[in-house]
Amino acid sequence: TESGVQRLPKIGLTVDDCLNHFRNTVSTLCCAHLFPFHFFCVFRRWIVSSGKDRLCLLWSVEHFKCIGAGIGHTDSVGSIAISQCLSSYESKKICIFSGAGDRVLKKWAFPARGFDLPVESEEIEALPLLCSIRAHDKDVNTLALSPNDSTLASGSQDKTIQIWNCHDLTKKGSLIGHKRGIWKIRYSPVEKTLVSCSGDRTVKIWSLDNYACLRTLEGHTASVLSITFVRDGRQLVSSSADGLLKLWTIKTGDCEATLDNHDDKIWAVASSD
C-alpha cells in the first residue's frame with residue numbers, strides 16, 4: 001500500500017478506482033446466481049459490470065467488493081454477460097463475456113478465489129482472458145447467453161446478430177434482416193428462438209435451427225430499444241423511443257396492448273418472470 005491506498009501491482013487499479021467505475025461509468029450490469037433466471041434471487045453471489053472506462057469488473061454481492069477486473073478493451077464496454085446455468089456453477093466453469101465499441105468480443109475466466117473469498121480480502125485479480133475476436137464491423141451493443149450457456153448471441157450497430165459457440169467463440173450462424181443497429185437481444189426461455197429489437201422500429205423473432213426470421217413485429221414509430229419476455233415466454237414486451245410499451249403474443253404476432261404513460265423514450269424494460 002501507498003499512504004493506505006491499496007493498488008494492484010499487475011493491473012494498476014485501486015479499490016477506489018473500482019468504486020468510481022461502479023458509481024460513474026457503468027453502462028451494463030448483469031447478476032449471476034446460484035439458480036438461473038432469478039435476477040432478484042436472494043441466493044445471488046456475483047455481479048459483473050462494464051463501463052465507459054473500458055473495464056469489466058466482477059463484484060462479490062456478499063461482501064460488496066470488487067474481486068476481479070477484465071482489462072483489454074480499447075473502447076467503452078457496452079454489453080456484458082455471465083454464465084446463468086446452474087451446472088456452470090456446480091462445475092465451477094463460470095465465464096464472463098464482454099462486447100465493446102472496439103467491435104471486439106472477449107471471453108474471461110472466473111477467478112478460482114472468487115468461490116472462497118475471505119471476508120477481509122481486498123485483493124483484486126486480473127480476470128484471465130480466454131478468447132478475443134473481432135466480432136462485428138461496428139459497436140457491439142448487446143449480448144445474450146442461451147439458457148444452457150452453450151451459445152452466445154451478439155447484436156451490433158452493423159445491423160447483424162451473430163451466434164457464437166461459448167466454448168471457443170467460433171461462429172455458428174448469422175441473423176441478417178434488420179435495417180438499423182441492434183439494441184437488444186433475448187433468448188426465449190421456452191423455445192429455440194431468439195428475439196431482437198432494432199433502430200428500424202421492429203422486433204424480430206428468429207429460429208435458432210436455421211437462423212431464419214420467423215416473424216417481424218411492427219407497430220412502433222421509432223427505434224425499439226429494449227425487450228423482455230413475460231408470462232413464461234409466451235408474450236413479449238417492447239419499449240421504444242416513441243415513448244410506448246407494447247405487449248405482443250409470440251405465437252400470433254398480435255399486439256395485445258399499448259401502454260402510453262412515459263413522456264419520452266423508454267430505454268429499458270424488465271420483467272419479474
# chains A, B, ... in the order shown; residues from 1 in each chain; ligands from 1
$ select_by_dssp --residues "segment 34-104 of chain A" --states "alpha helix (DSSP H)" --output "list in words"
Leu86, Ser87, Ser88, Tyr89 and Glu90 of chain A
$ write_last_selection --atoms "C-alpha atoms" --output "compact mmCIF listing (two decimals), in the first residue's frame"
# COMPACT_ATOMS: atom_id res chain seq x y z
CA LEU A 86 -26.73 -23.98 -12.61
CA SER A 87 -24.37 -26.65 -13.98
CA SER A 88 -21.78 -23.96 -14.80
CA TYR A 89 -21.66 -23.03 -11.11
CA GLU A 90 -21.67 -26.62 -9.85
$ select_by_dssp --residues "segment 61-256 of chain A" --states "strand (DSSP E)" --output "JSON, numbers by chain"
{"A": [65, 66, 67, 68, 69, 70, 71, 77, 78, 79, 80, 81, 82, 95, 96, 97, 98, 99, 100, 104, 105, 106, 107, 108, 109, 125, 126, 129, 130, 131, 132, 133, 134, 140, 141, 142, 143, 144, 145, 151, 152, 153, 154, 155, 156, 160, 161, 162, 163, 164, 165, 171, 172, 173, 174, 175, 176, 182, 183, 184, 185, 186, 187, 193, 194, 195, 196, 197, 198, 202, 203, 204, 205, 206, 207, 213, 214, 215, 216, 217, 218, 224, 225, 226, 227, 228, 229, 230, 235, 236, 237, 238, 239, 240, 245, 246, 247, 248, 249, 255, 256]}
$ residues_around --residues "Val224 of chain A" --least-positions-apart "4" --cutoff "10 Å" --atoms "only C-alpha atoms" --output "PyMOL selection string"
chain A and resi 182-184+196-203+219-220+238-245+265-268
$ atom_distance --atom1 "atom CA of Lys171 of chain A" --atom2 "atom CA of Lys106 of chain A"
13.5 Å
$ residues_around --residues "Cys56 of chain A" --least-positions-apart "2" --cutoff "6 Å" --atoms "only C-alpha atoms" --output "ChimeraX atom specification"
/A:49-50,69-70
$ write_last_selection --atoms "C-alpha atoms" --output "PDB file, in the first residue's frame"
ATOM      1  CA  SER A  49     -20.378  -4.563 -14.618  1.00  0.00           C
ATOM      2  CA  SER A  50     -18.980  -2.815 -17.669  1.00  0.00           C
ATOM      3  CA  ALA A  69     -11.062  -6.868 -13.363  1.00  0.00           C
ATOM      4  CA  GLY A  70     -11.045  -7.614 -17.085  1.00  0.00           C
TER       5      GLY A  70
END
$ atom_distance --atom1 "atom CA of Val48 of chain A" --atom2 "atom CA of Ile227 of chain A"
20.7 Å
